[in-house]
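Report on one structure; see the data block that follows.
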Amino acid sequence: MIRLEGLSLAIGRQPVLDSVSLDLAPGSITGLVGESGSGKSMTALAIMGLLPPGMRAMGRVMLDGQNLLEASEPDMGRIRGRRIGMIFQEPMTALNPLMTIGDQVAEVLRLHEGMGRRTALDRARERLDRVGLPAPRFPLTLYPHELSGGQRQRVAIAMAIALRPGLLIADEPTTALDVTTQARILDLLKALVRDEGMALLLITHDLAVVAGMADRVAVMQGGRVVESGPTGTVFRQRSHPYTRQLFSASRYSPVRGPRPAAPPLLEVRDAVRDYRLPQGGLRALDRVNLTVARGESVGLVGESGCGKSTLARVILGLDPLQGGRIRLDGQDVAAGRRMPRGLRARMQAVFQDPFGSFDPRWRVDRLLAEPFHLTGRPPDWRDRVAAALAEVGLDPGDARRFIHEFSGGQRQRLAIARALIIRPALIVLDEAVSALDVRVRAQVLDLLARLQADHGLSYLFISHDLSVVRGIADRVLVMQAGRIVEEGPPEQVIDAPRHSHTQALVAAMPVIPGDWI
Amino acid sequence: MLRYVLRQMIVMGSSLLAASALIFSVVELVPGDPASFMLGTGAQPETLAALRQQIGLDQPLALRYAAWLGAILHGDFGTSFTYKTPIAGMIAERLQVSLPLALMALALAIALALPVGLYAAARRDRAGDGLAMGTTHLGIALPNFWFAMLLVLVFAVRLRWLPAGGFPGWSDPLAALTSLILPATALALPQAAILARVLRSALVETMGQDYIRTARAKGLTAGQALRRHALRNALIPVLTILGMQFSFLLAGAIIIENVFYLPGLGRMIFQAITQRDLIVVQSAVLVLVAAVIAVTFLVDLAYGAVDPRLRRA
């Protein structure tokens, strides 16, 4: 049993954690939910004794009668990896790229148990088998780059549980993964808790994941646990206002008026895109057909690698096609110089990462005015920047600020303002709300719905998250291995999927049980 | 890995060929022709004609290039205009000094930079880091001949442990090595300073990676994570710098060679240029370019050995 008692932490005078208390019992799963900056990860790092330099936690983290906050660094070195294991969000970067997976798992055993390499590798083999990476297909000599994201997360889990620790901390372990991969990793974690009797602290922003996994849940806001208890009780009662807000935001769909029938704006016909790779050719798009009508929102869902983003690139004219054609407003879209600027100005894009999509050295007015190079900068461009800022709910006075002064949600609003400024007909939104917290996501979805109604915009809304697409799309397309396998209104595709792949996606989608709502 | 090596070898071969063509044509571009350049403005027409015939200028360009390349492949670089001796022998003799000198300097630079870079990265932003990086700053700012003079004053003049200059030849290997210690150290110090800084910044960047956090969560101490996980990942930029430094050390040691009276390649090239001995210059440049390309090849192989992701490509 690990018990957190009054765990507190501050940076300067700014409290980061405020009297966090939690009991983590063997064989049980505790969900820790909240938005970014609520202190979830800091709680985990404080337990591990891996806080950023200069930070010291107060209170107590009790393990077998010992307060870990007072343990010496060498003592903590013996506890980390042996008594407490931890896995992180980004499986793509969590493993050392230059070390085989066998050596990385064996390292834990050699470090703590003083095993020889041979013995440690034998045990690593057994642990990798346990996490679903069986010997014949996954030899110990593989390097991380030879594995998919889900497989890498399994390796990370194998390292964390190699010595059967009493507590496993999983910090957003499936946030970066597809729904189907997420479901398999969550199943694995559940089975490990059941079979090995360890406690699991599952940190996530996704209430539906917690609903399907955790025995108990604690809701964090501003460094404090505002509500905690058995998961079913907390979800049904939602006694704290913040819990209620999170709950409704996570299931949010904007109110959208009826859409009159309109002529097609974007037409993709038999689009083929091939990549040449060292190990041979890859057909990323295999005769894809789709249309987006004026004022219509089309959702495109599929797992990573199915060709979603490739489709976005060819539609935007960034990549050439090897077959088929794409027409916008009846004009051919072709990558490179042949594409007239006027046509390019008819479409804009908003991407996932609100941090990487802006030049950090430019001010907001220059960033927002950039698309004017397609149309020529009008004399009243400053007024237009101010108007665009106002339209996405920001202050026109923000025009002279730099991008680092804005939060993730504000940056995504800026990205939308930048896309809007030249009044395009189509906006391609590639995982545009995936990195946002649920409440911010709800606001951005509202904004998108309002802008669509005001300007008659068309959206191509690309996401791996079916529940988000449901709220914003008039029509949903499901993509698998470069092909569109199903198409229809969201209710039909999500509630009564016909294609086996859609069925698998829907089945893997974590949901909050109906009787809890 | 075999395919990776083969590919790098093809790249090396074609770079060498391209470099040889370039070097050959640059000499052809000399105003007038090589013979009149070598003899200077006051040359007698008969002498000029004789030289033209001697170095084969009366033949067509492509033929001369092919003949030149063919001869070089057989180890025949031609004859020095000034010394009337085979250039291959001259270069070989000079390489006996320059190559060991460069290798020693490089080994010394690595031996110094590795602990300093590791130490500074481990004590990032603390006093030890500041001191180490301040010292390397000084090491980069001070020219190597200043170190050379200092080393001579201390170890040769004052302490009399090591010779102040000259090269006795390899007949006495111990004496030869001893005579190279001071010049190699003088050459190595600024290079070590550069290398230590590159290593530190590469390590600091690597220590911010997610897999270092994973390593810490496994129970490794910060120092263990640095040595076992960060160091190898930080080697790629270090190897790049190392490759460039070797090329510089091989030919750029001219000042140090002069300070220590060493009969090295740098001095030979310098003399050949002042004496307008174009064929020697051409041959020496070709040898240097070949050395640089060979080092680049080795560095590429080292990349592949360090990083499994590159072997596939």
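Order determines the names: the first chain of the structure tokens is A, the second B, and so forth; residues in each chain are numbered 1 upward, and ligands are numbered 1 upward as they are shown.
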Please tabulate, as JSON lines, the residues of chain B that come within 10 Å of chain A, each with its closest pair of atoms and the distance in Å to one decimal, counting only C-alpha atoms and ordering rows by chain, then residue number upward.
```
{"residue": "B:Gln209", "atom": "CA", "partner": "A:Thr93", "partner_atom": "CA", "distance": 7.5}
{"residue": "B:Asp210", "atom": "CA", "partner": "A:Ala94", "partner_atom": "CA", "distance": 4.9}
{"residue": "B:Tyr211", "atom": "CA", "partner": "A:Ala94", "partner_atom": "CA", "distance": 4.3}
{"residue": "B:Ile212", "atom": "CA", "partner": "A:Asn96", "partner_atom": "CA", "distance": 7.8}
{"residue": "B:Arg213", "atom": "CA", "partner": "A:Ala94", "partner_atom": "CA", "distance": 7.7}
{"residue": "B:Thr214", "atom": "CA", "partner": "A:Ala94", "partner_atom": "CA", "distance": 6.1}
{"residue": "B:Ala215", "atom": "CA", "partner": "A:Leu95", "partner_atom": "CA", "distance": 8.6}
{"residue": "B:Arg216", "atom": "CA", "partner": "A:Arg80", "partner_atom": "CA", "distance": 7.7}
{"residue": "B:Ala217", "atom": "CA", "partner": "A:Arg80", "partner_atom": "CA", "distance": 5.6}
{"residue": "B:Lys218", "atom": "CA", "partner": "A:Gly81", "partner_atom": "CA", "distance": 4.0}
{"residue": "B:Gly219", "atom": "CA", "partner": "A:Gly77", "partner_atom": "CA", "distance": 4.5}
{"residue": "B:Leu220", "atom": "CA", "partner": "A:Gly77", "partner_atom": "CA", "distance": 6.3}
{"residue": "B:Thr221", "atom": "CA", "partner": "A:Gly77", "partner_atom": "CA", "distance": 6.4}
{"residue": "B:Ala222", "atom": "CA", "partner": "A:Gly77", "partner_atom": "CA", "distance": 9.7}
{"residue": "B:Arg228", "atom": "CA", "partner": "A:Met99", "partner_atom": "CA", "distance": 9.9}
{"residue": "B:His229", "atom": "CA", "partner": "A:Asn96", "partner_atom": "CA", "distance": 6.9}
{"residue": "B:Ala230", "atom": "CA", "partner": "A:Asn96", "partner_atom": "CA", "distance": 8.8}
{"residue": "B:Arg232", "atom": "CA", "partner": "A:Leu98", "partner_atom": "CA", "distance": 7.7}
{"residue": "B:Asn233", "atom": "CA", "partner": "A:Leu98", "partner_atom": "CA", "distance": 7.1}
{"residue": "B:Ala305", "atom": "CA", "partner": "A:Leu98", "partner_atom": "CA", "distance": 9.8}
{"residue": "B:Val306", "atom": "CA", "partner": "A:Leu98", "partner_atom": "CA", "distance": 7.1}
{"residue": "B:Asp307", "atom": "CA", "partner": "A:Leu98", "partner_atom": "CA", "distance": 5.7}
{"residue": "B:Pro308", "atom": "CA", "partner": "A:Leu98", "partner_atom": "CA", "distance": 6.3}
{"residue": "B:Arg309", "atom": "CA", "partner": "A:His145", "partner_atom": "CA", "distance": 7.0}
{"residue": "B:Arg312", "atom": "CA", "partner": "A:Pro278", "partner_atom": "CA", "distance": 8.1}
{"residue": "B:Ala313", "atom": "CA", "partner": "A:Pro278", "partner_atom": "CA", "distance": 6.9}
```
Would you mind exporting the chosen residues as a PDB file, in the first residue's frame, restricted to N, CA and C atoms?
```pdb
ATOM      1  N   GLN B 209      15.894  14.190 -23.152  1.00  0.00           N
ATOM      2  CA  GLN B 209      15.033  13.293 -23.930  1.00  0.00           C
ATOM      3  C   GLN B 209      14.182  12.412 -23.016  1.00  0.00           C
ATOM      4  N   ASP B 210      13.066  11.954 -23.576  1.00  0.00           N
ATOM      5  CA  ASP B 210      12.138  11.120 -22.811  1.00  0.00           C
ATOM      6  C   ASP B 210      12.793   9.833 -22.312  1.00  0.00           C
ATOM      7  N   TYR B 211      13.687   9.240 -23.127  1.00  0.00           N
ATOM      8  CA  TYR B 211      14.223   7.944 -22.705  1.00  0.00           C
ATOM      9  C   TYR B 211      15.172   8.082 -21.519  1.00  0.00           C
ATOM     10  N   ILE B 212      15.672   9.279 -21.280  1.00  0.00           N
ATOM     11  CA  ILE B 212      16.476   9.490 -20.070  1.00  0.00           C
ATOM     12  C   ILE B 212      15.563   9.480 -18.848  1.00  0.00           C
ATOM     13  N   ARG B 213      14.372  10.078 -19.007  1.00  0.00           N
ATOM     14  CA  ARG B 213      13.386  10.037 -17.926  1.00  0.00           C
ATOM     15  C   ARG B 213      13.001   8.579 -17.653  1.00  0.00           C
ATOM     16  N   THR B 214      12.812   7.799 -18.742  1.00  0.00           N
ATOM     17  CA  THR B 214      12.520   6.373 -18.571  1.00  0.00           C
ATOM     18  C   THR B 214      13.648   5.695 -17.789  1.00  0.00           C
ATOM     19  N   ALA B 215      14.879   6.018 -18.156  1.00  0.00           N
ATOM     20  CA  ALA B 215      16.026   5.398 -17.485  1.00  0.00           C
ATOM     21  C   ALA B 215      16.032   5.737 -15.997  1.00  0.00           C
ATOM     22  N   ARG B 216      15.714   6.990 -15.688  1.00  0.00           N
ATOM     23  CA  ARG B 216      15.662   7.391 -14.272  1.00  0.00           C
ATOM     24  C   ARG B 216      14.548   6.630 -13.551  1.00  0.00           C
ATOM     25  N   ALA B 217      13.398   6.458 -14.237  1.00  0.00           N
ATOM     26  CA  ALA B 217      12.279   5.744 -13.615  1.00  0.00           C
ATOM     27  C   ALA B 217      12.620   4.276 -13.381  1.00  0.00           C
ATOM     28  N   LYS B 218      13.596   3.749 -14.160  1.00  0.00           N
ATOM     29  CA  LYS B 218      14.036   2.373 -13.945  1.00  0.00           C
ATOM     30  C   LYS B 218      14.916   2.258 -12.708  1.00  0.00           C
ATOM     31  N   GLY B 219      15.395   3.384 -12.201  1.00  0.00           N
ATOM     32  CA  GLY B 219      16.241   3.353 -11.015  1.00  0.00           C
ATOM     33  C   GLY B 219      17.684   3.751 -11.271  1.00  0.00           C
ATOM     34  N   LEU B 220      18.018   4.140 -12.505  1.00  0.00           N
ATOM     35  CA  LEU B 220      19.383   4.597 -12.761  1.00  0.00           C
ATOM     36  C   LEU B 220      19.591   5.970 -12.112  1.00  0.00           C
ATOM     37  N   THR B 221      20.789   6.201 -11.607  1.00  0.00           N
ATOM     38  CA  THR B 221      21.092   7.537 -11.113  1.00  0.00           C
ATOM     39  C   THR B 221      21.307   8.450 -12.318  1.00  0.00           C
ATOM     40  N   ALA B 222      21.319   9.761 -12.050  1.00  0.00           N
ATOM     41  CA  ALA B 222      21.527  10.702 -13.147  1.00  0.00           C
ATOM     42  C   ALA B 222      22.845  10.407 -13.860  1.00  0.00           C
ATOM     43  N   ARG B 228      25.321   5.654 -19.542  1.00  0.00           N
ATOM     44  CA  ARG B 228      24.824   4.481 -20.262  1.00  0.00           C
ATOM     45  C   ARG B 228      23.888   4.838 -21.404  1.00  0.00           C
ATOM     46  N   HIS B 229      23.122   5.906 -21.248  1.00  0.00           N
ATOM     47  CA  HIS B 229      22.122   6.198 -22.279  1.00  0.00           C
ATOM     48  C   HIS B 229      22.426   7.465 -23.079  1.00  0.00           C
ATOM     49  N   ALA B 230      22.870   8.516 -22.383  1.00  0.00           N
ATOM     50  CA  ALA B 230      23.040   9.791 -23.089  1.00  0.00           C
ATOM     51  C   ALA B 230      24.310   9.800 -23.944  1.00  0.00           C
ATOM     52  N   ARG B 232      26.143   7.647 -25.698  1.00  0.00           N
ATOM     53  CA  ARG B 232      26.150   7.068 -27.035  1.00  0.00           C
ATOM     54  C   ARG B 232      25.242   7.858 -27.975  1.00  0.00           C
ATOM     55  N   ASN B 233      24.118   8.324 -27.445  1.00  0.00           N
ATOM     56  CA  ASN B 233      23.211   9.112 -28.271  1.00  0.00           C
ATOM     57  C   ASN B 233      23.802  10.474 -28.633  1.00  0.00           C
ATOM     58  N   ALA B 305      27.675   2.250 -36.965  1.00  0.00           N
ATOM     59  CA  ALA B 305      27.944   1.391 -35.815  1.00  0.00           C
ATOM     60  C   ALA B 305      27.214   1.912 -34.581  1.00  0.00           C
ATOM     61  N   VAL B 306      27.140   3.246 -34.448  1.00  0.00           N
ATOM     62  CA  VAL B 306      26.499   3.835 -33.273  1.00  0.00           C
ATOM     63  C   VAL B 306      24.981   3.722 -33.376  1.00  0.00           C
ATOM     64  N   ASP B 307      24.437   4.019 -34.550  1.00  0.00           N
ATOM     65  CA  ASP B 307      22.985   4.172 -34.664  1.00  0.00           C
ATOM     66  C   ASP B 307      22.377   3.106 -35.573  1.00  0.00           C
ATOM     67  N   PRO B 308      21.637   2.168 -34.994  1.00  0.00           N
ATOM     68  CA  PRO B 308      21.057   1.090 -35.811  1.00  0.00           C
ATOM     69  C   PRO B 308      20.075   1.606 -36.853  1.00  0.00           C
ATOM     70  N   ARG B 309      19.507   2.786 -36.633  1.00  0.00           N
ATOM     71  CA  ARG B 309      18.526   3.296 -37.597  1.00  0.00           C
ATOM     72  C   ARG B 309      19.185   3.657 -38.925  1.00  0.00           C
ATOM     73  N   ARG B 312      19.938   0.726 -41.865  1.00  0.00           N
ATOM     74  CA  ARG B 312      18.904   0.308 -42.799  1.00  0.00           C
ATOM     75  C   ARG B 312      18.952   1.112 -44.089  1.00  0.00           C
ATOM     76  N   ALA B 313      19.249   2.383 -43.932  1.00  0.00           N
ATOM     77  CA  ALA B 313      19.058   3.343 -45.024  1.00  0.00           C
ATOM     78  C   ALA B 313      19.894   3.009 -46.250  1.00  0.00           C
TER      79      ALA B 313
END
```
**Request:** Name all residues at most 10 Å from Gly65 of chain A (count only C-alpha atoms; drop same-chain ones fewer than 3 positions away) and give them as a list in words.
**Result:**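 Skipping anything fewer than 3 positions along the chain leaves Met1, Ile2, Arg3, Val61, Met62 and Leu68 of chain A.
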**Item:** Expected answer as a VMD selection string: alpha helix (DSSP H) residues in segment 85-300 of chain A
**Value:** chain A and resid 101 to 113 117 to 130 149 to 161 179 to 196 207 to 213 231 to 237 241 to 250
**Prompt:** If you measure from atom CA of Ile203 of chain A to atom CA of Glu172 of chain A, what distance in Å do you get, rounded to one decimal?
**Reply:** 5.4 Å
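Note that atom CA of Ala504 of chain A and atom CA of Leu207 of chain A are 20.6 Å apart.
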**Item:** Neighbour list for Arg197 of chain B as JSON, numbers by chain, cut-off 10 Å, only C-alpha atoms, skip fewer than 5 positions in-chain
**Value:** {"B": [113, 114, 116, 117, 118, 120, 121, 132, 133, 136, 137, 140, 192, 202, 203, 238]}
**Message:** Which residues are near Leu99 of chain B? Cut-off 10 Å, only C-alpha atoms, ignore same chain within fewer than 6 positions. Put them as a list of chain:residue names.
**Reply:** B:Ala92, B:Ala105, B:Phe246, B:Leu249, B:Leu250, B:Ala251, B:Gly264, B:Leu265
**Asked** Got a sec: who's within 6 Å of Ala193 of chain B, counting only C-alpha atoms, leaving out chain neighbours fewer than 2 positions off, as a ChimeraX atom specification?
**Response** /B:136,139-140,190-191,195-196
**Request:** Give me the residues within 9 Å of segment 177-187 of chain B as a ChimeraX atom specification, counting only C-alpha atoms and dropping any in the same chain fewer than 6 places off.
**Result:** /B:97,100-106,108-109,144-152,155-156,162-168,170,249,253,256-257,259-260,262
**Request:** Quote the spacing between atom CA of Ala57 of chain A and atom CA of Leu17 of chain A in Å to one decimal place.
**Result:**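 Straight-line distance from atom CA of Ala57 of chain A to atom CA of Leu17 of chain A works out to 8.5 Å.
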**Test item: residues at most 6 Å from segment 80-84 of chain B, only C-alpha atoms, excluding those fewer than 3 positions along its chain, as a PyMOL selection string** = chain B and resi 87+277+280
**Counting only C-alpha atoms, the option among A:Asp103, A:Glu267, A:Glu196, A:Asp446 closest to Arg117 of chain A** =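 With only C-alpha atoms as the atom set, the closest residue is A:Asp103.
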**Message:** Restricting the calculation to only C-alpha atoms: of B:Ala284, B:Ala62, B:Val5, B:Leu142, which residue gets closest to Gly89 of chain B?
**Reply:** B:Ala284
